[in-house]
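J.: CSV, C-alpha atoms, saved as target_18.csv, coming up:
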chain,number,residue,atom,x,y,z
O,134,MET,CA,-42.0,-54.6,-5.5
O,135,LYS,CA,-38.4,-54.6,-6.6
O,136,THR,CA,-39.4,-52.6,-9.7
O,137,LYS,CA,-41.3,-50.1,-7.6
O,138,ASN,CA,-38.4,-49.6,-5.2
O,139,MET,CA,-36.0,-49.0,-8.1
O,140,LEU,CA,-38.4,-46.5,-9.6
O,141,ILE,CA,-38.5,-44.6,-6.2
O,142,ILE,CA,-34.7,-44.6,-6.0
O,143,ALA,CA,-34.4,-43.3,-9.5
O,144,ILE,CA,-36.9,-40.5,-8.9
O,145,VAL,CA,-35.0,-39.5,-5.7
O,146,ALA,CA,-31.7,-39.5,-7.5
O,147,ILE,CA,-33.1,-37.2,-10.3
O,148,VAL,CA,-34.5,-34.8,-7.7
O,149,VAL,CA,-31.1,-34.7,-5.9
O,150,VAL,CA,-29.2,-34.1,-9.2
O,151,ILE,CA,-31.6,-31.4,-10.3
O,152,GLY,CA,-31.4,-29.7,-6.9
O,153,ALA,CA,-27.6,-29.8,-6.8
O,154,THR,CA,-27.5,-28.5,-10.3
O,155,SER,CA,-29.8,-25.6,-9.5
O,156,VAL,CA,-27.7,-24.7,-6.4
O,157,VAL,CA,-24.4,-24.7,-8.4
O,158,SER,CA,-26.0,-22.8,-11.3
O,159,ALA,CA,-27.5,-20.2,-8.9
O,160,GLY,CA,-24.1,-19.8,-7.2
O,161,LEU,CA,-22.3,-19.4,-10.5
O,162,PHE,CA,-24.9,-17.0,-11.7
O,163,ASP,CA,-24.6,-14.9,-8.5
O,164,PHE,CA,-20.8,-14.9,-8.8
O,165,LEU,CA,-20.8,-13.9,-12.4
O,166,GLY,CA,-23.6,-11.5,-11.9
O,167,SER,CA,-21.9,-9.8,-8.9
O,168,ASN,CA,-18.8,-9.2,-11.0
O,169,SER,CA,-20.5,-8.4,-14.3
O,170,ASN,CA,-22.5,-5.7,-12.6
O,171,LEU,CA,-19.2,-3.8,-12.4
O,172,ASP,CA,-18.2,-4.3,-16.0
O,173,GLY,CA,-17.1,-1.1,-17.7
O,174,GLN,CA,-16.3,0.6,-14.4
O,175,GLU,CA,-12.9,1.9,-13.4
O,176,VAL,CA,-11.0,2.2,-10.2
O,177,ASN,CA,-8.7,5.2,-10.2
O,178,LEU,CA,-6.1,4.4,-7.5
O,179,ALA,CA,-3.9,7.2,-6.0
O,180,ALA,CA,-1.2,5.4,-4.0
O,181,ALA,CA,2.1,6.3,-2.3
O,182,ALA,CA,5.2,5.7,-4.5
O,183,SER,CA,6.4,3.0,-2.1
O,184,LEU,CA,3.4,0.9,-3.0
O,185,LYS,CA,4.1,0.8,-6.8
O,186,ASN,CA,5.8,-2.6,-6.9
O,187,VAL,CA,3.3,-4.5,-4.8
O,188,TYR,CA,0.3,-3.1,-6.8
O,189,ASP,CA,1.8,-3.3,-10.3
O,190,GLU,CA,3.4,-6.8,-9.9
O,191,LYS,CA,0.8,-8.6,-7.8
O,192,LEU,CA,-2.3,-6.9,-6.5
O,193,ILE,CA,-3.7,-5.2,-9.6
O,194,PRO,CA,-3.3,-8.3,-11.7
O,195,MET,CA,-5.0,-10.4,-8.9
O,196,PHE,CA,-7.9,-7.9,-8.8
O,197,LYS,CA,-8.3,-7.9,-12.6
O,198,GLU,CA,-8.5,-11.7,-12.5
O,199,LYS,CA,-11.4,-11.5,-10.1
O,200,TYR,CA,-13.0,-8.6,-11.8
O,201,PRO,CA,-12.0,-8.8,-15.5
O,202,GLY,CA,-14.5,-6.1,-16.6
O,203,VAL,CA,-13.1,-3.5,-14.2
O,204,LYS,CA,-10.2,-1.2,-15.3
O,205,VAL,CA,-7.7,-0.2,-12.6
O,206,THR,CA,-5.7,3.0,-13.3
O,207,PRO,CA,-3.0,3.8,-10.7
O,208,THR,CA,-1.3,7.1,-10.0
O,209,TYR,CA,1.9,6.9,-7.9
O,210,ALA,CA,3.6,9.8,-6.3
O,211,SER,CA,4.6,11.1,-2.8
O,212,SER,CA,1.6,11.2,-0.5
O,213,GLY,CA,1.8,14.9,-0.2
O,214,ASP,CA,1.8,15.4,-3.9
O,215,LEU,CA,-1.2,13.1,-4.3
O,216,GLN,CA,-3.0,15.0,-1.5
O,217,SER,CA,-2.4,18.2,-3.5
O,218,GLN,CA,-3.6,16.6,-6.8
O,219,ILE,CA,-6.8,15.3,-5.1
O,220,GLU,CA,-7.5,18.8,-3.7
O,221,ASN,CA,-7.0,20.2,-7.2
O,222,GLY,CA,-9.4,17.8,-8.8
O,223,LEU,CA,-7.5,14.6,-9.5
O,224,GLN,CA,-10.2,12.0,-10.4
O,225,ALA,CA,-9.5,9.3,-7.8
O,226,ASP,CA,-11.7,6.6,-6.2
O,227,VAL,CA,-9.3,5.2,-3.7
O,228,PHE,CA,-6.4,6.9,-1.9
O,229,MET,CA,-3.7,5.0,0.0
O,230,SER,CA,-1.2,7.2,1.8
O,231,ALA,CA,2.1,6.4,3.4
O,232,ALA,CA,1.1,8.5,6.5
O,233,ASN,CA,-2.0,9.6,8.3
O,234,LYS,CA,-1.2,13.3,7.9
O,235,GLN,CA,-2.3,13.5,4.2
O,236,MET,CA,-5.3,11.3,4.7
O,237,ASN,CA,-6.5,13.3,7.7
O,238,LYS,CA,-6.1,16.6,5.8
O,239,LEU,CA,-8.3,15.3,3.0
O,240,ALA,CA,-10.8,14.0,5.5
O,241,ASP,CA,-11.0,17.4,7.2
O,242,GLU,CA,-11.8,18.9,3.8
O,243,GLY,CA,-14.6,16.4,3.2
O,244,LEU,CA,-12.8,14.6,0.4
O,245,VAL,CA,-12.5,11.2,2.2
O,246,ASP,CA,-15.4,8.9,3.0
O,247,ASN,CA,-14.5,8.4,6.7
O,248,LYS,CA,-16.6,5.3,7.0
O,249,THR,CA,-14.2,3.5,4.8
O,250,ASN,CA,-11.0,4.9,6.3
O,251,VAL,CA,-8.8,2.0,7.4
O,252,GLN,CA,-5.5,2.1,9.3
O,253,PHE,CA,-4.1,-0.7,7.1
O,254,LEU,CA,-0.4,-1.3,6.9
O,255,GLU,CA,2.8,-0.6,8.8
O,256,ASN,CA,6.4,-0.1,7.5
O,257,LYS,CA,9.8,0.4,8.9
O,258,VAL,CA,12.3,3.3,8.3
O,259,VAL,CA,15.8,2.1,7.5
O,260,LEU,CA,19.2,3.6,6.7
O,261,ILE,CA,20.7,2.3,3.4
O,262,VAL,CA,24.0,2.6,1.5
O,263,PRO,CA,25.0,1.5,-2.1
O,264,LYS,CA,25.4,-2.2,-2.3
O,265,ASP,CA,29.2,-1.9,-2.9
O,266,SER,CA,29.8,0.9,-0.4
O,267,THR,CA,32.9,0.7,1.7
O,268,ALA,CA,31.9,3.7,3.8
O,269,ASN,CA,32.0,3.2,7.5
O,270,ILE,CA,28.3,3.9,8.1
O,271,THR,CA,26.7,1.4,10.5
O,272,SER,CA,24.2,3.5,12.4
O,273,PHE,CA,22.1,6.7,12.3
O,274,ASP,CA,24.7,8.3,14.6
O,275,ASP,CA,27.3,7.8,11.9
O,276,LEU,CA,25.4,10.3,9.6
O,277,LYS,CA,27.2,13.1,11.5
O,278,LYS,CA,30.5,11.9,10.0
O,279,VAL,CA,29.3,11.6,6.4
O,280,ASN,CA,31.3,14.0,4.2
O,281,GLY,CA,29.1,13.5,1.1
O,282,THR,CA,25.4,13.4,0.5
O,283,ILE,CA,22.5,12.0,2.5
O,284,ALA,CA,19.3,11.4,0.5
O,285,ILE,CA,15.9,11.7,2.2
O,286,GLY,CA,12.4,12.5,0.9
O,287,ASP,CA,11.5,16.1,1.1
O,288,PRO,CA,9.9,16.5,4.5
O,289,GLU,CA,7.5,19.1,3.2
O,290,SER,CA,5.6,16.5,1.1
O,291,VAL,CA,7.1,13.0,1.4
O,292,PRO,CA,6.1,11.0,4.4
O,293,ALA,CA,9.4,9.0,4.3
O,294,GLY,CA,11.2,12.3,4.5
O,295,GLN,CA,9.0,13.4,7.4
O,296,TYR,CA,9.8,10.2,9.3
O,297,ALA,CA,13.5,10.7,8.4
O,298,LYS,CA,13.5,14.2,9.8
O,299,GLU,CA,11.7,13.1,12.9
O,300,ALA,CA,14.2,10.3,13.6
O,301,MET,CA,17.2,12.5,13.0
O,302,THR,CA,15.7,15.2,15.2
O,303,ASN,CA,14.9,12.9,18.0
O,304,LEU,CA,18.4,11.4,17.8
O,305,GLY,CA,19.9,14.8,18.0
O,306,ILE,CA,21.7,14.7,14.6
O,307,TRP,CA,19.4,16.9,12.4
O,308,ASN,CA,21.4,20.1,12.8
O,309,ASP,CA,24.7,18.2,12.1
O,310,THR,CA,23.3,16.7,8.9
O,311,GLU,CA,20.9,19.2,7.4
O,312,SER,CA,23.5,20.8,5.1
O,313,LYS,CA,24.4,17.4,3.6
O,314,LEU,CA,20.8,16.5,2.6
O,315,SER,CA,19.6,15.8,-0.9
O,316,LEU,CA,15.8,16.0,-0.9
O,317,GLY,CA,13.9,13.6,-3.2
O,318,THR,CA,10.5,14.2,-4.6
O,319,ASP,CA,9.4,10.7,-3.4
O,320,VAL,CA,10.9,7.7,-1.7
O,321,THR,CA,11.7,6.1,-5.1
O,322,ALA,CA,13.9,9.0,-6.0
O,323,VAL,CA,15.8,8.6,-2.8
O,324,LEU,CA,16.2,4.9,-3.4
O,325,ASN,CA,17.6,5.5,-6.9
O,326,GLN,CA,20.0,8.2,-5.7
O,327,VAL,CA,21.6,5.7,-3.3
O,328,ALA,CA,21.5,2.7,-5.7
O,329,GLN,CA,23.2,4.8,-8.4
O,330,GLY,CA,25.9,6.1,-5.9
O,331,SER,CA,25.0,9.7,-6.3
O,332,ALA,CA,24.3,9.7,-2.5
O,333,ASP,CA,26.5,8.1,0.1
O,334,CYS,CA,23.5,6.9,2.0
O,335,GLY,CA,19.7,7.5,2.4
O,336,ILE,CA,16.7,6.9,4.5
O,337,VAL,CA,13.8,5.0,3.0
O,338,TYR,CA,11.2,2.4,4.0
O,339,SER,CA,12.2,-1.2,4.6
O,340,THR,CA,10.0,-2.3,1.7
O,341,ASP,CA,11.7,-0.1,-0.7
O,342,ALA,CA,15.1,-1.2,0.3
O,343,LYS,CA,14.0,-4.8,-0.2
O,344,SER,CA,12.9,-4.1,-3.8
O,345,ASN,CA,16.2,-2.8,-5.0
O,346,ASP,CA,19.3,-5.0,-5.4
O,347,GLY,CA,21.5,-1.9,-5.7
O,348,VAL,CA,21.3,-1.0,-2.0
O,349,LYS,CA,21.9,-2.7,1.3
O,350,VAL,CA,20.3,-1.9,4.7
O,351,VAL,CA,22.6,-0.7,7.4
O,352,CYS,CA,20.1,-0.6,10.3
O,353,GLU,CA,16.5,0.2,11.2
O,354,ALA,CA,15.7,3.5,12.9
O,355,PRO,CA,16.0,3.0,16.7
O,356,ASP,CA,12.8,2.4,18.6
O,357,ASP,CA,13.2,5.8,20.4
O,358,ALA,CA,13.8,7.7,17.2
O,359,LEU,CA,10.2,7.6,15.9
O,360,LYS,CA,7.3,8.6,18.1
O,361,THR,CA,4.9,8.4,15.1
O,362,PRO,CA,4.2,4.8,13.8
O,363,VAL,CA,4.6,4.4,10.0
O,364,ILE,CA,1.0,3.8,9.2
O,365,TYR,CA,-0.5,3.4,5.7
O,366,PRO,CA,-4.2,4.3,5.7
O,367,VAL,CA,-6.5,3.6,2.8
O,368,ALA,CA,-10.0,5.0,2.0
O,369,GLN,CA,-12.5,5.7,-0.7
O,370,LEU,CA,-12.9,9.3,-1.8
O,371,THR,CA,-16.2,11.1,-1.7
O,372,ASN,CA,-15.9,12.3,-5.3
O,373,SER,CA,-15.5,8.7,-6.6
O,374,THR,CA,-17.3,8.3,-9.9
O,375,HIS,CA,-17.5,4.5,-9.5
O,376,PRO,CA,-18.2,3.9,-5.8
O,377,ASP,CA,-19.3,0.2,-6.3
O,378,ALA,CA,-16.0,-0.7,-8.1
O,379,ALA,CA,-14.1,1.3,-5.4
O,380,LYS,CA,-15.8,-0.7,-2.7
O,381,ALA,CA,-15.0,-3.9,-4.4
O,382,PHE,CA,-11.4,-2.9,-4.6
O,383,MET,CA,-11.3,-1.9,-0.9
O,384,ASP,CA,-12.9,-5.2,0.0
O,385,PHE,CA,-10.3,-7.1,-2.1
O,386,LEU,CA,-7.4,-5.3,-0.3
O,387,GLN,CA,-8.7,-6.6,3.0
O,388,THR,CA,-8.9,-10.2,2.0
O,389,LYS,CA,-6.4,-12.7,3.4
O,390,GLU,CA,-4.9,-13.3,-0.1
O,391,ALA,CA,-4.2,-9.6,-0.6
O,392,LYS,CA,-2.9,-9.1,2.9
O,393,ASP,CA,-0.5,-12.0,2.4
O,394,ILE,CA,0.9,-10.3,-0.7
O,395,PHE,CA,1.5,-7.1,1.3
O,396,VAL,CA,3.4,-9.2,3.9
O,397,GLU,CA,5.4,-10.9,1.1
O,398,TYR,CA,6.6,-7.4,0.0
O,399,GLY,CA,7.7,-6.5,3.5
O,400,PHE,CA,4.7,-4.7,5.0
O,401,THR,CA,3.1,-5.5,8.3
O,402,ILE,CA,-0.7,-5.6,8.6
O,403,HIS,CA,-1.7,-3.0,11.2
O,404,GLU,CA,-3.5,-4.3,14.2
O,405,ASP,CA,-5.5,-1.8,16.3
O,406,LYS,CA,-3.9,-1.9,19.8
O,407,LYS,CA,-7.1,-0.5,21.5
Represent the structure from my file as structure tokens, please.
T.:
Amino acid sequence: MKTKNMLIIAIVAIVVVIGATSVVSAGLFDFLGSNSNLDGQEVNLAAAASLKNVYDEKLIPMFKEKYPGVKVTPTYASSGDLQSQIENGLQADVFMSAANKQMNKLADEGLVDNKTNVQFLENKVVLIVPKDSTANITSFDDLKKVNGTIAIGDPESVPAGQYAKEAMTNLGIWNDTESKLSLGTDVTAVLNQVAQGSADCGIVYSTDAKSNDGVKVVCEAPDDALKTPVIYPVAQLTNSTHPDAAKAFMDFLQTKEAKDIFVEYGFTIHEDKK
């Protein structure tokens, strides 16, 4: 009887081990299979210049670790410039803008897959000066007294410049400062002007100011200065040549691990207030 019981126990143990091994193997196969199905594909990312650091330093390497067979090729510029490039045939799979204006324009033209369009991140607009500045600039109102140069993004194509103009207009200082403006091609150019001292001050995103040790933040734009929230939408484009890889990238961006990285770099995850 003892021998029989031991035999039964041994058989049960073998069945359990085989079952567990099958489950683990199947799970591993599914995991590898789901990723290997994307091998050889490419995600062409068109992203606002203010996203360059977070993507290059953290997010793209993290995605590559998860999908080693997928190549990610980023293009960074002002959102307006990227909009024009996409309209003129830029091969892009995912677009992440620093404002809704450019995304909405592309959507109106049928170039954005609206089912994937996500109101994703928020940012703040801040006034900065060179790190060693001794100028008495402590608020947006002080811009009226600046004798030198104020750097902002070109409002015609750079969302940060559009927000800067909106804030200065709503605060009643646009007419007093317009002749002092130096217009940058993107927010990075504005940041560099201030960091190098070629501009007395500038208006950029909080995340950009945080990324450069050559500048210091004077203040945030007052609450009543901006009627338009600084929203970063992201979406797949309808002309994507690798929609499966693009979807994997979009899904990755919305994971907790990716969102935590955006927050680490100073962004806020947008929450729908509806």
J.: Using all atoms listed in the file - which residues lie no farther than 12 Å from the point (22.4, -4.9, 2.2) in the file's frame? Write them as a PDB file with C-alpha atoms, in the coordinates of the input.
T.:
ATOM      1  CA  VAL O 259      15.800   2.100   7.500  1.00  0.00           C
ATOM      2  CA  LEU O 260      19.200   3.600   6.700  1.00  0.00           C
ATOM      3  CA  ILE O 261      20.700   2.300   3.400  1.00  0.00           C
ATOM      4  CA  VAL O 262      24.000   2.600   1.500  1.00  0.00           C
ATOM      5  CA  PRO O 263      25.000   1.500  -2.100  1.00  0.00           C
ATOM      6  CA  LYS O 264      25.400  -2.200  -2.300  1.00  0.00           C
ATOM      7  CA  ASP O 265      29.200  -1.900  -2.900  1.00  0.00           C
ATOM      8  CA  SER O 266      29.800   0.900  -0.400  1.00  0.00           C
ATOM      9  CA  THR O 267      32.900   0.700   1.700  1.00  0.00           C
ATOM     10  CA  THR O 271      26.700   1.400  10.500  1.00  0.00           C
ATOM     11  CA  VAL O 327      21.600   5.700  -3.300  1.00  0.00           C
ATOM     12  CA  ALA O 328      21.500   2.700  -5.700  1.00  0.00           C
ATOM     13  CA  CYS O 334      23.500   6.900   2.000  1.00  0.00           C
ATOM     14  CA  SER O 339      12.200  -1.200   4.600  1.00  0.00           C
ATOM     15  CA  ALA O 342      15.100  -1.200   0.300  1.00  0.00           C
ATOM     16  CA  LYS O 343      14.000  -4.800  -0.200  1.00  0.00           C
ATOM     17  CA  SER O 344      12.900  -4.100  -3.800  1.00  0.00           C
ATOM     18  CA  ASN O 345      16.200  -2.800  -5.000  1.00  0.00           C
ATOM     19  CA  ASP O 346      19.300  -5.000  -5.400  1.00  0.00           C
ATOM     20  CA  GLY O 347      21.500  -1.900  -5.700  1.00  0.00           C
ATOM     21  CA  VAL O 348      21.300  -1.000  -2.000  1.00  0.00           C
ATOM     22  CA  LYS O 349      21.900  -2.700   1.300  1.00  0.00           C
ATOM     23  CA  VAL O 350      20.300  -1.900   4.700  1.00  0.00           C
ATOM     24  CA  VAL O 351      22.600  -0.700   7.400  1.00  0.00           C
ATOM     25  CA  CYS O 352      20.100  -0.600  10.300  1.00  0.00           C
ATOM     26  CA  GLU O 353      16.500   0.200  11.200  1.00  0.00           C
TER      27      GLU O 353
END
J.: Just how far from atom CA of Ser272 of chain O is atom CA of Ile285 of chain O, in Å to one decimal?
T.: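 A separation of 15.5 Å between them.
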J.: Just checking: using only C-alpha atoms, which residue out of O:Thr321, O:Thr282, O:Asn170, O:Gln218 ends up closest to Tyr200 of chain O?
T.: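 Looking only at the distances to Tyr200 of chain O, the closest residue turns out to be O:Asn170.
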J.: Between O:Asp172, O:Asp214, O:Asp274, O:Glu220, which has the minimum distance to Thr318 of chain O (counting all atoms listed in the file)?
T.: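 Looking at the shortest contact to Thr318 of chain O, the residue is O:Asp214.
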J.: Identify, on the basis of all atoms listed in the file, every residue whose closest approach to Thr388 of chain O does not exceed 12 Å; exclude the query and any residue fewer than 4 positions from it along the same chain; express the result as a tab-separated table (two decimals) with C-alpha atoms, keeping the file's coordinate frame.
T.:
chain	number	residue	atom	x	y	z
O	192	LEU	CA	-2.30	-6.90	-6.50
O	195	MET	CA	-5.00	-10.40	-8.90
O	196	PHE	CA	-7.90	-7.90	-8.80
O	253	PHE	CA	-4.10	-0.70	7.10
O	381	ALA	CA	-15.00	-3.90	-4.40
O	382	PHE	CA	-11.40	-2.90	-4.60
O	383	MET	CA	-11.30	-1.90	-0.90
O	384	ASP	CA	-12.90	-5.20	0.00
O	392	LYS	CA	-2.90	-9.10	2.90
O	393	ASP	CA	-0.50	-12.00	2.40
O	394	ILE	CA	0.90	-10.30	-0.70
O	395	PHE	CA	1.50	-7.10	1.30
O	402	ILE	CA	-0.70	-5.60	8.60
J.: Need the shell around Asn237 of chain O: protein/DNA/RNA residues with any atom at most 12 Å away, counting all atoms listed in the file. Skip same-chain ones fewer than 6 positions apart. Format as a ChimeraX atom specification?
T.: /O:212-213,216,228-231,243-247,250-252,365-368
J.: Could you check how far atom CA of Ala378 of chain O sits from atom CA of Thr206 of chain O, in Å to one decimal?
T.: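 Atom CA of Thr206 of chain O lies 12.1 Å from atom CA of Ala378 of chain O.
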J.: Ranking O:Val291, O:Ala210, O:Ala284, O:Val396 by minimum distance to Asn325 of chain O and counting all atoms listed in the file, which one comes first?
T.: O:Ala284
J.: Write out as JSON, numbers by chain each polymer residue whose atoms come within 10 Å of Val323 of chain O, counting only C-alpha atoms; drop sequence neighbours fewer than 5 positions from it.
T.: {"O": [283, 284, 285, 286, 287, 293, 294, 315, 316, 317, 318, 328, 331, 332, 334, 335, 336, 337, 341]}
J.: With C-alpha atoms retained, export the selected residues as a PDB file, keeping the file's coordinate frame.
T.:
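Dumped to result.pdb:
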ATOM      1  CA  ILE O 283      22.500  12.000   2.500  1.00  0.00           C
ATOM      2  CA  ALA O 284      19.300  11.400   0.500  1.00  0.00           C
ATOM      3  CA  ILE O 285      15.900  11.700   2.200  1.00  0.00           C
ATOM      4  CA  GLY O 286      12.400  12.500   0.900  1.00  0.00           C
ATOM      5  CA  ASP O 287      11.500  16.100   1.100  1.00  0.00           C
ATOM      6  CA  ALA O 293       9.400   9.000   4.300  1.00  0.00           C
ATOM      7  CA  GLY O 294      11.200  12.300   4.500  1.00  0.00           C
ATOM      8  CA  SER O 315      19.600  15.800  -0.900  1.00  0.00           C
ATOM      9  CA  LEU O 316      15.800  16.000  -0.900  1.00  0.00           C
ATOM     10  CA  GLY O 317      13.900  13.600  -3.200  1.00  0.00           C
ATOM     11  CA  THR O 318      10.500  14.200  -4.600  1.00  0.00           C
ATOM     12  CA  ALA O 328      21.500   2.700  -5.700  1.00  0.00           C
ATOM     13  CA  SER O 331      25.000   9.700  -6.300  1.00  0.00           C
ATOM     14  CA  ALA O 332      24.300   9.700  -2.500  1.00  0.00           C
ATOM     15  CA  CYS O 334      23.500   6.900   2.000  1.00  0.00           C
ATOM     16  CA  GLY O 335      19.700   7.500   2.400  1.00  0.00           C
ATOM     17  CA  ILE O 336      16.700   6.900   4.500  1.00  0.00           C
ATOM     18  CA  VAL O 337      13.800   5.000   3.000  1.00  0.00           C
ATOM     19  CA  ASP O 341      11.700  -0.100  -0.700  1.00  0.00           C
TER      20      ASP O 341
END
J.: My list of candidates is O:Val227, O:Met301, O:Ala232, O:Ala322. Which is closest to Ala354 of chain O when distances are computed with all atoms listed in the file?
T.: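 Residue with the minimum atom-to-atom distance to Ala354 of chain O: O:Met301.
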J.: Between atom CA of Leu314 of chain O and atom CA of Ile364 of chain O, what is the distance in Å, rounded to a tenth?
T.: 24.4 Å
J.: Between O:Val203, O:Ala225, O:Leu239, O:Leu304, which has the minimum distance to Leu178 of chain O (counting only C-alpha atoms)?
T.: O:Ala225
J.: Contacts of Lys185 of chain O at 9 Å or less, counting only C-alpha atoms, minus same-chain residues fewer than 6 places along, as a list in words?
T.: Pro207, Thr208 and Tyr209 of chain O
J.: Missing atoms in segment 291-298 of chain O need filling: write out all heavy atoms for it as a compact mmCIF listing (two decimals), in the coordinates of the input.
T.:
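Everything below was put into result.txt:
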# COMPACT_ATOMS: atom_id res chain seq x y z
N VAL O 291 6.88 14.48 1.47
CA VAL O 291 7.10 13.00 1.40
C VAL O 291 7.11 12.43 2.80
O VAL O 291 7.98 12.75 3.63
CB VAL O 291 8.48 12.74 0.71
CG1 VAL O 291 8.69 11.24 0.56
CG2 VAL O 291 8.56 13.44 -0.65
N PRO O 292 6.15 11.55 3.10
CA PRO O 292 6.10 11.00 4.40
C PRO O 292 7.43 10.32 4.87
O PRO O 292 7.84 10.47 6.02
CB PRO O 292 4.99 9.92 4.32
CG PRO O 292 4.06 10.53 3.32
CD PRO O 292 4.97 11.18 2.30
N ALA O 293 8.11 9.61 3.95
CA ALA O 293 9.40 9.00 4.30
C ALA O 293 10.38 10.05 4.76
O ALA O 293 11.20 9.82 5.66
CB ALA O 293 9.95 8.19 3.15
N GLY O 294 10.33 11.22 4.13
CA GLY O 294 11.20 12.30 4.50
C GLY O 294 10.80 12.91 5.87
O GLY O 294 11.64 13.32 6.67
N GLN O 295 9.49 12.94 6.13
CA GLN O 295 9.00 13.40 7.40
C GLN O 295 9.46 12.50 8.54
O GLN O 295 9.90 12.95 9.61
CB GLN O 295 7.48 13.54 7.38
CG GLN O 295 6.98 14.61 6.42
CD GLN O 295 5.53 14.43 5.99
OE1 GLN O 295 4.83 13.57 6.52
NE2 GLN O 295 5.10 15.22 5.02
N TYR O 296 9.37 11.19 8.27
CA TYR O 296 9.80 10.20 9.30
C TYR O 296 11.36 10.33 9.45
O TYR O 296 11.87 10.22 10.58
CB TYR O 296 9.47 8.80 8.86
CG TYR O 296 7.99 8.51 8.89
CD1 TYR O 296 7.32 8.07 7.76
CD2 TYR O 296 7.26 8.67 10.07
CE1 TYR O 296 5.96 7.79 7.79
CE2 TYR O 296 5.90 8.40 10.11
CZ TYR O 296 5.25 7.95 8.96
OH TYR O 296 3.90 7.68 8.99
N ALA O 297 12.09 10.54 8.35
CA ALA O 297 13.50 10.70 8.40
C ALA O 297 13.92 11.88 9.29
O ALA O 297 14.80 11.80 10.16
CB ALA O 297 14.14 10.80 7.03
N LYS O 298 13.24 13.00 9.04
CA LYS O 298 13.50 14.20 9.80
C LYS O 298 13.19 14.00 11.28
O LYS O 298 13.95 14.42 12.18
CB LYS O 298 12.75 15.40 9.26
CG LYS O 298 13.03 16.70 10.01
CD LYS O 298 12.30 17.88 9.39
CE LYS O 298 12.62 19.17 10.16
NZ LYS O 298 11.93 20.35 9.57
